[in-house]
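Trainee: For reference, the file model33.txt (compact mmCIF, N, CA and C atoms and all ligand atoms) is included below:
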# COMPACT_ATOMS: atom_id res chain seq x y z
N MET A 270 3.99 25.48 27.53
CA MET A 270 4.52 24.15 27.19
C MET A 270 3.49 23.08 27.55
N ALA A 271 3.39 22.09 26.72
CA ALA A 271 2.41 21.03 26.97
C ALA A 271 2.82 20.22 28.19
N PHE A 272 1.84 19.79 28.92
CA PHE A 272 2.12 18.97 30.10
C PHE A 272 1.73 17.53 29.82
N TYR A 273 2.66 16.60 30.03
CA TYR A 273 2.38 15.18 29.79
C TYR A 273 2.29 14.43 31.11
N SER A 274 1.39 13.45 31.16
CA SER A 274 1.27 12.62 32.35
C SER A 274 2.52 11.76 32.47
N GLU A 275 2.72 11.23 33.68
CA GLU A 275 3.88 10.35 33.91
C GLU A 275 3.82 9.14 32.99
N LYS A 276 2.62 8.64 32.77
CA LYS A 276 2.46 7.45 31.92
C LYS A 276 2.89 7.75 30.49
N VAL A 277 2.51 8.91 29.99
CA VAL A 277 2.91 9.28 28.63
C VAL A 277 4.44 9.34 28.57
N MET A 278 5.04 9.99 29.54
CA MET A 278 6.50 10.13 29.55
C MET A 278 7.17 8.76 29.62
N ASP A 279 6.60 7.87 30.44
CA ASP A 279 7.16 6.54 30.60
C ASP A 279 7.09 5.76 29.28
N HIS A 280 5.92 5.78 28.65
CA HIS A 280 5.77 5.02 27.40
C HIS A 280 6.56 5.65 26.26
N PHE A 281 6.81 6.96 26.36
CA PHE A 281 7.64 7.61 25.34
C PHE A 281 9.11 7.23 25.55
N ALA A 282 9.55 7.29 26.81
CA ALA A 282 10.96 7.01 27.10
C ALA A 282 11.28 5.52 27.00
N ASN A 283 10.32 4.67 27.35
CA ASN A 283 10.53 3.21 27.29
C ASN A 283 9.40 2.55 26.53
N PRO A 284 9.29 2.82 25.24
CA PRO A 284 8.15 2.24 24.51
C PRO A 284 8.19 0.71 24.51
N ARG A 285 7.03 0.12 24.71
CA ARG A 285 6.92 -1.35 24.70
C ARG A 285 6.54 -1.80 23.29
N ASN A 286 7.05 -2.97 22.93
CA ASN A 286 6.61 -3.62 21.67
C ASN A 286 6.98 -2.87 20.39
N VAL A 287 8.11 -2.17 20.42
CA VAL A 287 8.56 -1.49 19.21
C VAL A 287 9.17 -2.52 18.27
N GLY A 288 8.93 -2.36 16.99
CA GLY A 288 9.60 -3.22 16.01
C GLY A 288 8.65 -3.72 14.96
N GLU A 289 9.12 -4.73 14.28
CA GLU A 289 8.39 -5.25 13.14
C GLU A 289 8.26 -6.76 13.35
N ILE A 290 7.12 -7.34 12.97
CA ILE A 290 7.01 -8.80 13.00
C ILE A 290 7.21 -9.25 11.56
N LYS A 291 8.28 -9.98 11.33
CA LYS A 291 8.64 -10.36 9.95
C LYS A 291 7.54 -11.15 9.25
N ASP A 292 6.98 -12.16 9.94
CA ASP A 292 5.94 -12.98 9.30
C ASP A 292 4.57 -12.62 9.87
N ALA A 293 4.30 -11.31 9.94
CA ALA A 293 3.04 -10.83 10.54
C ALA A 293 1.83 -11.41 9.81
N ASP A 294 0.75 -11.66 10.58
CA ASP A 294 -0.50 -12.13 9.98
C ASP A 294 -1.31 -10.96 9.43
N GLY A 295 -1.06 -9.77 9.98
CA GLY A 295 -1.77 -8.58 9.50
C GLY A 295 -0.93 -7.35 9.71
N ILE A 296 -1.02 -6.41 8.76
CA ILE A 296 -0.28 -5.15 8.87
C ILE A 296 -1.24 -4.00 8.62
N GLY A 297 -1.17 -2.98 9.46
CA GLY A 297 -2.03 -1.81 9.28
C GLY A 297 -1.20 -0.54 9.34
N GLU A 298 -1.35 0.28 8.32
CA GLU A 298 -0.57 1.52 8.29
C GLU A 298 -1.51 2.70 8.14
N VAL A 299 -1.34 3.70 8.98
CA VAL A 299 -2.14 4.92 8.83
C VAL A 299 -1.25 6.14 8.95
N GLY A 300 -1.68 7.21 8.30
CA GLY A 300 -0.97 8.48 8.37
C GLY A 300 -1.88 9.50 9.02
N ASN A 301 -1.28 10.40 9.75
CA ASN A 301 -2.07 11.45 10.39
C ASN A 301 -2.17 12.64 9.44
N PRO A 302 -3.37 12.94 8.97
CA PRO A 302 -3.51 14.03 7.99
C PRO A 302 -3.15 15.39 8.57
N ILE A 303 -3.17 15.49 9.90
CA ILE A 303 -2.90 16.80 10.53
C ILE A 303 -1.40 17.12 10.49
N CYS A 304 -0.57 16.11 10.80
CA CYS A 304 0.87 16.41 10.91
C CYS A 304 1.72 15.60 9.94
N GLY A 305 1.12 14.59 9.29
CA GLY A 305 1.90 13.78 8.35
C GLY A 305 2.66 12.64 8.98
N ASP A 306 2.50 12.44 10.29
CA ASP A 306 3.19 11.33 10.95
C ASP A 306 2.57 9.99 10.55
N MET A 307 3.37 8.93 10.68
CA MET A 307 2.93 7.61 10.23
C MET A 307 3.06 6.58 11.34
N MET A 308 2.14 5.62 11.31
CA MET A 308 2.17 4.56 12.30
C MET A 308 1.84 3.23 11.62
N THR A 309 2.64 2.20 11.89
CA THR A 309 2.36 0.88 11.32
C THR A 309 2.27 -0.14 12.45
N PHE A 310 1.24 -0.95 12.41
CA PHE A 310 1.07 -2.02 13.40
C PHE A 310 1.20 -3.38 12.73
N TYR A 311 1.84 -4.30 13.42
CA TYR A 311 2.01 -5.68 12.96
C TYR A 311 1.37 -6.59 13.99
N ILE A 312 0.59 -7.57 13.54
CA ILE A 312 -0.03 -8.48 14.50
C ILE A 312 0.22 -9.94 14.14
N LYS A 313 0.23 -10.73 15.19
CA LYS A 313 0.35 -12.18 15.06
C LYS A 313 -0.89 -12.74 15.74
N VAL A 314 -1.63 -13.57 15.02
CA VAL A 314 -2.90 -14.07 15.55
C VAL A 314 -2.85 -15.58 15.71
N LYS A 315 -3.36 -16.04 16.87
CA LYS A 315 -3.48 -17.48 17.06
C LYS A 315 -4.80 -17.76 17.78
N ASP A 316 -5.59 -18.67 17.23
CA ASP A 316 -6.89 -19.01 17.80
C ASP A 316 -7.72 -17.77 18.11
N ASN A 317 -7.74 -16.85 17.18
CA ASN A 317 -8.57 -15.63 17.31
C ASN A 317 -8.06 -14.65 18.37
N ILE A 318 -6.84 -14.88 18.86
CA ILE A 318 -6.29 -14.01 19.90
C ILE A 318 -5.04 -13.32 19.37
N LEU A 319 -4.87 -12.07 19.77
CA LEU A 319 -3.67 -11.33 19.36
C LEU A 319 -2.50 -11.81 20.21
N GLU A 320 -1.74 -12.67 19.60
CA GLU A 320 -0.62 -13.28 20.32
C GLU A 320 0.54 -12.30 20.45
N ASP A 321 0.74 -11.49 19.42
CA ASP A 321 1.82 -10.51 19.46
C ASP A 321 1.40 -9.26 18.69
N VAL A 322 1.82 -8.12 19.20
CA VAL A 322 1.51 -6.84 18.56
C VAL A 322 2.76 -5.98 18.62
N LYS A 323 3.20 -5.50 17.48
CA LYS A 323 4.37 -4.61 17.46
C LYS A 323 4.06 -3.41 16.57
N PHE A 324 4.85 -2.36 16.73
CA PHE A 324 4.60 -1.17 15.92
C PHE A 324 5.88 -0.44 15.54
N LYS A 325 5.73 0.35 14.50
CA LYS A 325 6.79 1.29 14.11
C LYS A 325 6.09 2.62 13.92
N THR A 326 6.56 3.63 14.61
CA THR A 326 5.90 4.93 14.51
C THR A 326 6.91 6.02 14.17
N PHE A 327 6.63 6.74 13.11
CA PHE A 327 7.43 7.90 12.76
C PHE A 327 6.59 9.09 13.19
N GLY A 328 6.75 9.49 14.42
CA GLY A 328 5.87 10.55 14.90
C GLY A 328 6.38 11.19 16.16
N CYS A 329 5.55 12.00 16.74
CA CYS A 329 5.93 12.75 17.94
C CYS A 329 5.90 11.84 19.16
N GLY A 330 6.33 12.39 20.28
CA GLY A 330 6.38 11.61 21.52
C GLY A 330 5.02 11.08 21.91
N ALA A 331 3.99 11.88 21.76
CA ALA A 331 2.65 11.43 22.13
C ALA A 331 2.22 10.25 21.26
N ALA A 332 2.55 10.30 19.97
CA ALA A 332 2.17 9.21 19.06
C ALA A 332 2.91 7.93 19.44
N ILE A 333 4.15 8.05 19.86
CA ILE A 333 4.92 6.87 20.26
C ILE A 333 4.32 6.29 21.55
N ALA A 334 4.00 7.16 22.50
CA ALA A 334 3.38 6.68 23.75
C ALA A 334 2.04 6.01 23.45
N VAL A 335 1.27 6.57 22.53
CA VAL A 335 -0.03 5.99 22.16
C VAL A 335 0.17 4.61 21.54
N SER A 336 1.13 4.49 20.62
CA SER A 336 1.39 3.19 19.98
C SER A 336 1.76 2.14 21.01
N SER A 337 2.64 2.54 21.92
CA SER A 337 3.11 1.62 22.95
C SER A 337 1.93 1.14 23.80
N MET A 338 1.06 2.05 24.18
CA MET A 338 -0.09 1.70 25.01
C MET A 338 -1.09 0.84 24.24
N VAL A 339 -1.33 1.16 22.98
CA VAL A 339 -2.26 0.35 22.16
C VAL A 339 -1.76 -1.09 22.09
N ALA A 340 -0.46 -1.24 21.83
CA ALA A 340 0.11 -2.59 21.71
C ALA A 340 -0.05 -3.35 23.02
N GLU A 341 0.19 -2.67 24.13
CA GLU A 341 0.05 -3.33 25.43
C GLU A 341 -1.39 -3.72 25.70
N MET A 342 -2.31 -2.80 25.39
CA MET A 342 -3.72 -3.07 25.67
C MET A 342 -4.27 -4.17 24.76
N ALA A 343 -3.75 -4.26 23.54
CA ALA A 343 -4.31 -5.20 22.57
C ALA A 343 -3.79 -6.63 22.75
N LYS A 344 -2.58 -6.76 23.22
CA LYS A 344 -1.99 -8.09 23.35
C LYS A 344 -2.82 -8.99 24.24
N GLY A 345 -3.10 -10.20 23.77
CA GLY A 345 -3.85 -11.16 24.57
C GLY A 345 -5.36 -11.03 24.39
N LYS A 346 -5.80 -9.97 23.71
CA LYS A 346 -7.24 -9.79 23.49
C LYS A 346 -7.70 -10.61 22.28
N THR A 347 -9.02 -10.88 22.23
CA THR A 347 -9.56 -11.51 21.04
C THR A 347 -9.64 -10.42 19.96
N LEU A 348 -9.79 -10.83 18.72
CA LEU A 348 -9.87 -9.85 17.63
C LEU A 348 -11.06 -8.92 17.84
N ASP A 349 -12.20 -9.49 18.28
CA ASP A 349 -13.38 -8.65 18.50
C ASP A 349 -13.13 -7.63 19.60
N GLU A 350 -12.51 -8.08 20.69
CA GLU A 350 -12.23 -7.15 21.79
C GLU A 350 -11.30 -6.03 21.32
N ALA A 351 -10.29 -6.41 20.54
CA ALA A 351 -9.33 -5.40 20.07
C ALA A 351 -10.00 -4.40 19.13
N MET A 352 -11.01 -4.88 18.38
CA MET A 352 -11.71 -3.97 17.46
C MET A 352 -12.54 -2.94 18.24
N GLN A 353 -12.87 -3.27 19.50
CA GLN A 353 -13.67 -2.34 20.32
C GLN A 353 -12.82 -1.23 20.94
N LEU A 354 -11.51 -1.43 20.93
CA LEU A 354 -10.61 -0.47 21.56
C LEU A 354 -10.72 0.89 20.85
N THR A 355 -10.91 1.95 21.63
CA THR A 355 -11.06 3.27 21.01
C THR A 355 -9.88 4.18 21.37
N ASN A 356 -9.72 5.19 20.56
CA ASN A 356 -8.65 6.17 20.81
C ASN A 356 -8.84 6.85 22.16
N ALA A 357 -10.10 7.08 22.52
CA ALA A 357 -10.39 7.74 23.80
C ALA A 357 -9.93 6.87 24.96
N GLN A 358 -10.16 5.54 24.85
CA GLN A 358 -9.72 4.63 25.92
C GLN A 358 -8.21 4.64 26.06
N VAL A 359 -7.53 4.72 24.91
CA VAL A 359 -6.07 4.73 24.94
C VAL A 359 -5.57 6.01 25.61
N ALA A 360 -6.15 7.14 25.22
CA ALA A 360 -5.75 8.42 25.81
C ALA A 360 -6.00 8.40 27.31
N GLU A 361 -7.12 7.79 27.70
CA GLU A 361 -7.46 7.72 29.12
C GLU A 361 -6.46 6.84 29.87
N ALA A 362 -6.12 5.70 29.27
CA ALA A 362 -5.16 4.79 29.90
C ALA A 362 -3.80 5.45 30.10
N LEU A 363 -3.52 6.43 29.25
CA LEU A 363 -2.24 7.15 29.37
C LEU A 363 -2.34 8.31 30.36
N GLY A 364 -3.48 8.44 31.01
CA GLY A 364 -3.65 9.53 31.96
C GLY A 364 -3.97 10.84 31.27
N GLY A 365 -4.44 10.75 30.04
CA GLY A 365 -4.83 11.94 29.29
C GLY A 365 -3.69 12.50 28.47
N LEU A 366 -4.05 13.30 27.47
CA LEU A 366 -3.07 13.99 26.62
C LEU A 366 -3.43 15.47 26.61
N PRO A 367 -2.46 16.33 26.45
CA PRO A 367 -2.79 17.75 26.35
C PRO A 367 -3.72 17.97 25.15
N PRO A 368 -4.65 18.92 25.25
CA PRO A 368 -5.64 19.12 24.18
C PRO A 368 -5.03 19.25 22.79
N ASN A 369 -3.91 19.94 22.68
CA ASN A 369 -3.32 20.13 21.34
C ASN A 369 -2.60 18.89 20.85
N LYS A 370 -2.61 17.83 21.68
CA LYS A 370 -1.97 16.57 21.27
C LYS A 370 -2.99 15.44 21.14
N MET A 371 -4.26 15.75 21.32
CA MET A 371 -5.27 14.70 21.22
C MET A 371 -5.28 14.08 19.83
N HIS A 372 -4.97 14.88 18.81
CA HIS A 372 -5.00 14.31 17.45
C HIS A 372 -3.98 13.21 17.29
N CYS A 373 -2.94 13.23 18.10
CA CYS A 373 -1.90 12.20 18.02
C CYS A 373 -2.43 10.84 18.45
N SER A 374 -3.48 10.85 19.29
CA SER A 374 -4.02 9.57 19.76
C SER A 374 -4.93 8.94 18.71
N ASN A 375 -5.24 9.67 17.66
CA ASN A 375 -6.18 9.16 16.66
C ASN A 375 -5.62 8.03 15.81
N LEU A 376 -4.30 7.95 15.74
CA LEU A 376 -3.71 6.93 14.87
C LEU A 376 -3.71 5.54 15.50
N GLY A 377 -3.51 5.47 16.79
CA GLY A 377 -3.23 4.20 17.46
C GLY A 377 -4.24 3.11 17.19
N ALA A 378 -5.47 3.32 17.66
CA ALA A 378 -6.48 2.28 17.50
C ALA A 378 -6.77 2.06 16.02
N ALA A 379 -6.72 3.12 15.22
CA ALA A 379 -7.01 3.00 13.79
C ALA A 379 -6.00 2.07 13.11
N ALA A 380 -4.73 2.21 13.45
CA ALA A 380 -3.70 1.36 12.83
C ALA A 380 -3.88 -0.09 13.26
N LEU A 381 -4.22 -0.28 14.53
CA LEU A 381 -4.45 -1.65 15.02
C LEU A 381 -5.65 -2.27 14.30
N HIS A 382 -6.72 -1.51 14.19
CA HIS A 382 -7.93 -2.03 13.52
C HIS A 382 -7.64 -2.38 12.06
N LYS A 383 -6.82 -1.55 11.45
CA LYS A 383 -6.48 -1.80 10.04
C LYS A 383 -5.69 -3.10 9.91
N ALA A 384 -4.80 -3.35 10.86
CA ALA A 384 -4.03 -4.60 10.84
C ALA A 384 -4.95 -5.80 11.00
N ILE A 385 -5.95 -5.67 11.86
CA ILE A 385 -6.90 -6.78 12.07
C ILE A 385 -7.74 -6.99 10.80
N GLU A 386 -8.15 -5.89 10.20
CA GLU A 386 -8.92 -6.01 8.95
C GLU A 386 -8.07 -6.65 7.86
N ASN A 387 -6.81 -6.29 7.82
CA ASN A 387 -5.89 -6.88 6.85
C ASN A 387 -5.79 -8.39 7.07
N TYR A 388 -5.69 -8.80 8.32
CA TYR A 388 -5.64 -10.22 8.66
C TYR A 388 -6.92 -10.92 8.20
N LYS A 389 -8.06 -10.30 8.51
CA LYS A 389 -9.35 -10.91 8.17
C LYS A 389 -9.53 -11.00 6.65
N SER A 390 -9.01 -10.02 5.93
CA SER A 390 -9.18 -10.00 4.48
C SER A 390 -8.41 -11.14 3.82
N LYS A 391 -7.46 -11.69 4.55
CA LYS A 391 -6.71 -12.83 4.00
C LYS A 391 -7.50 -14.12 4.13
N GLY A 392 -8.61 -14.04 4.91
CA GLY A 392 -9.51 -15.18 5.06
C GLY A 392 -8.89 -16.39 5.71
N LYS A 393 -8.02 -16.12 6.68
CA LYS A 393 -7.39 -17.26 7.37
C LYS A 393 -8.35 -17.91 8.34
S1 LIG A 401 2.29 15.57 16.05
FE1 LIG A 401 1.94 14.01 14.60
S2 LIG A 401 1.16 12.38 15.71
FE2 LIG A 401 1.61 13.88 17.16
Could you quickly redo this structure as structure tokens?

Mentor:
Amino acid sequence: MAFYSEKVMDHFANPRNVGEIKDADGIGEVGNPICGDMMTFYIKVKDNILEDVKFKTFGCGAAIAVSSMVAEMAKGKTLDEAMQLTNAQVAEALGGLPPNKMHCSNLGAAALHKAIENYKSKGK
């Protein structure tokens, strides 16, 4: 059986920032080609800073914990700082993921980056 860190269990059981931002400035959606799970990130930007970050994830527990952690780590960051966030950093912040669940961490930062790119493409 896979072993999860306390942080993963906590973010899975009490995910932060779940939901949708109705008037989001950017939306990023990615699918995991390995398992077919989906993750969508919504961002609200003010003065180049991520004022709000929310997500909806149709995926496994690890993917939900990853989304929750990405949203927490990204909030309050500048767009450039958020673009530097990597999947490895997220997995590390969660105290690691079991090897067979590392692919679940691949969606988090990618969905966030896509939302930022979506915002930038609107040329606001
Ligand atoms: S099994 Fe699909 S994201 Fe984890």

Trainee: Please write as number ranges by chain the list of polymer residues whose atoms come within 6.5 Å of (-4.7, -16.4, 9.6), counting all atoms listed in the file and keeping to the coordinates of the file.

Mentor: A: 294, 314, 388, 392-393

Trainee: Between A:Val335, A:Cys329, A:Ile296, A:Met278, which has the minimum distance to ligand LIG 401 (chain A) (counting all atoms listed in the file)?

Mentor: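 Nearest to ligand LIG 401 (chain A): A:Cys329.
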
Trainee: List as a list in words the protein and nucleic acid residues near segment 345-358 of chain A, meaning an atom at most 6.5 Å away when all atoms listed in the file are counted, but skip any in the same chain fewer than 3 places from it.

Mentor: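 So the residues in contact are Asn317, Ile318, Leu319, Glu320, Asp321, Met342, Glu361, Ala362, Leu363, Ser374, Asn375, Gly377, Ala378, Ala379 and His382 of chain A.
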
Trainee: Using all atoms listed in the file, find each protein or nucleic acid residue lying at most 6 Å from ligand LIG 401 (chain A); present the set as a list in words.

Mentor: Cys304, Gly305, Asp306, Gly328, Cys329, Gly330, Ala331, Ala332, His372 and Cys373 of chain A

Trainee: Would you export the selected residues with N, CA and C atoms as an mmCIF file, in the coordinates of the input, please?

Mentor:
data_model
loop_
_atom_site.group_PDB
_atom_site.id
_atom_site.type_symbol
_atom_site.label_atom_id
_atom_site.label_comp_id
_atom_site.auth_asym_id
_atom_site.auth_seq_id
_atom_site.Cartn_x
_atom_site.Cartn_y
_atom_site.Cartn_z
ATOM 1 N N CYS A 304 -0.570 16.110 10.800
ATOM 2 C CA CYS A 304 0.870 16.410 10.910
ATOM 3 C C CYS A 304 1.720 15.600 9.940
ATOM 4 N N GLY A 305 1.120 14.590 9.290
ATOM 5 C CA GLY A 305 1.900 13.780 8.350
ATOM 6 C C GLY A 305 2.660 12.640 8.980
ATOM 7 N N ASP A 306 2.500 12.440 10.290
ATOM 8 C CA ASP A 306 3.190 11.330 10.950
ATOM 9 C C ASP A 306 2.570 9.990 10.550
ATOM 10 N N GLY A 328 6.750 9.490 14.420
ATOM 11 C CA GLY A 328 5.870 10.550 14.900
ATOM 12 C C GLY A 328 6.380 11.190 16.160
ATOM 13 N N CYS A 329 5.550 12.000 16.740
ATOM 14 C CA CYS A 329 5.930 12.750 17.940
ATOM 15 C C CYS A 329 5.900 11.840 19.160
ATOM 16 N N GLY A 330 6.330 12.390 20.280
ATOM 17 C CA GLY A 330 6.380 11.610 21.520
ATOM 18 C C GLY A 330 5.020 11.080 21.910
ATOM 19 N N ALA A 331 3.990 11.880 21.760
ATOM 20 C CA ALA A 331 2.650 11.430 22.130
ATOM 21 C C ALA A 331 2.220 10.250 21.260
ATOM 22 N N ALA A 332 2.550 10.300 19.970
ATOM 23 C CA ALA A 332 2.170 9.210 19.060
ATOM 24 C C ALA A 332 2.910 7.930 19.440
ATOM 25 N N HIS A 372 -4.970 14.880 18.810
ATOM 26 C CA HIS A 372 -5.000 14.310 17.450
ATOM 27 C C HIS A 372 -3.980 13.210 17.290
ATOM 28 N N CYS A 373 -2.940 13.230 18.100
ATOM 29 C CA CYS A 373 -1.900 12.200 18.020
ATOM 30 C C CYS A 373 -2.430 10.840 18.450
#

Trainee: First collect every listed atom of segment 278-290 of chain A; then fit an axis-aligned box around them, widen it by 8 Å on each side, and give centre and edge lengths in Å to one decimal, as JSON.

Mentor:
{"center_x": 8.2, "center_y": 0.4, "center_z": 21.1, "size_x": 22.2, "size_y": 35.4, "size_z": 35.0}

Trainee: How many Å separate atom CA of Leu376 of chain A from atom CA of Ser337 of chain A?

Mentor: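 Atom CA of Ser337 of chain A lies 11.8 Å from atom CA of Leu376 of chain A.
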
Trainee: Smallest atom-to-atom distance to Lys344 of chain A: which of A:Glu386, A:Lys391, A:Arg285, A:Val299, using only C-alpha atoms?

Mentor: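 For Lys344 of chain A, the nearest of the candidates is A:Arg285.
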
Trainee: To one decimal place in Å, what is the distance between atom CA of His280 of chain A and atom CA of Ala334 of chain A?

Mentor: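 Result for atom CA of His280 of chain A versus atom CA of Ala334 of chain A: 4.7 Å, one decimal.
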
Trainee: With a distance cut-off of 7 Å and all atoms listed in the file, select the neighbouring residues of Gly365 of chain A, excluding the residue or stretch itself and same-chain residues fewer than 4 positions from it, and output the selection as an mmCIF file with N, CA and C atoms, in the frame of the given file.

Mentor:
data_model
loop_
_atom_site.group_PDB
_atom_site.id
_atom_site.type_symbol
_atom_site.label_atom_id
_atom_site.label_comp_id
_atom_site.auth_asym_id
_atom_site.auth_seq_id
_atom_site.Cartn_x
_atom_site.Cartn_y
_atom_site.Cartn_z
ATOM 1 N N TYR A 273 2.660 16.600 30.030
ATOM 2 C CA TYR A 273 2.380 15.180 29.790
ATOM 3 C C TYR A 273 2.290 14.430 31.110
ATOM 4 N N SER A 274 1.390 13.450 31.160
ATOM 5 C CA SER A 274 1.270 12.620 32.350
ATOM 6 C C SER A 274 2.520 11.760 32.470
ATOM 7 N N VAL A 359 -7.530 4.720 24.910
ATOM 8 C CA VAL A 359 -6.070 4.730 24.940
ATOM 9 C C VAL A 359 -5.570 6.010 25.610
ATOM 10 N N ALA A 360 -6.150 7.140 25.220
ATOM 11 C CA ALA A 360 -5.750 8.420 25.810
ATOM 12 C C ALA A 360 -6.000 8.400 27.310
ATOM 13 N N GLU A 361 -7.120 7.790 27.700
ATOM 14 C CA GLU A 361 -7.460 7.720 29.120
ATOM 15 C C GLU A 361 -6.460 6.840 29.870
#
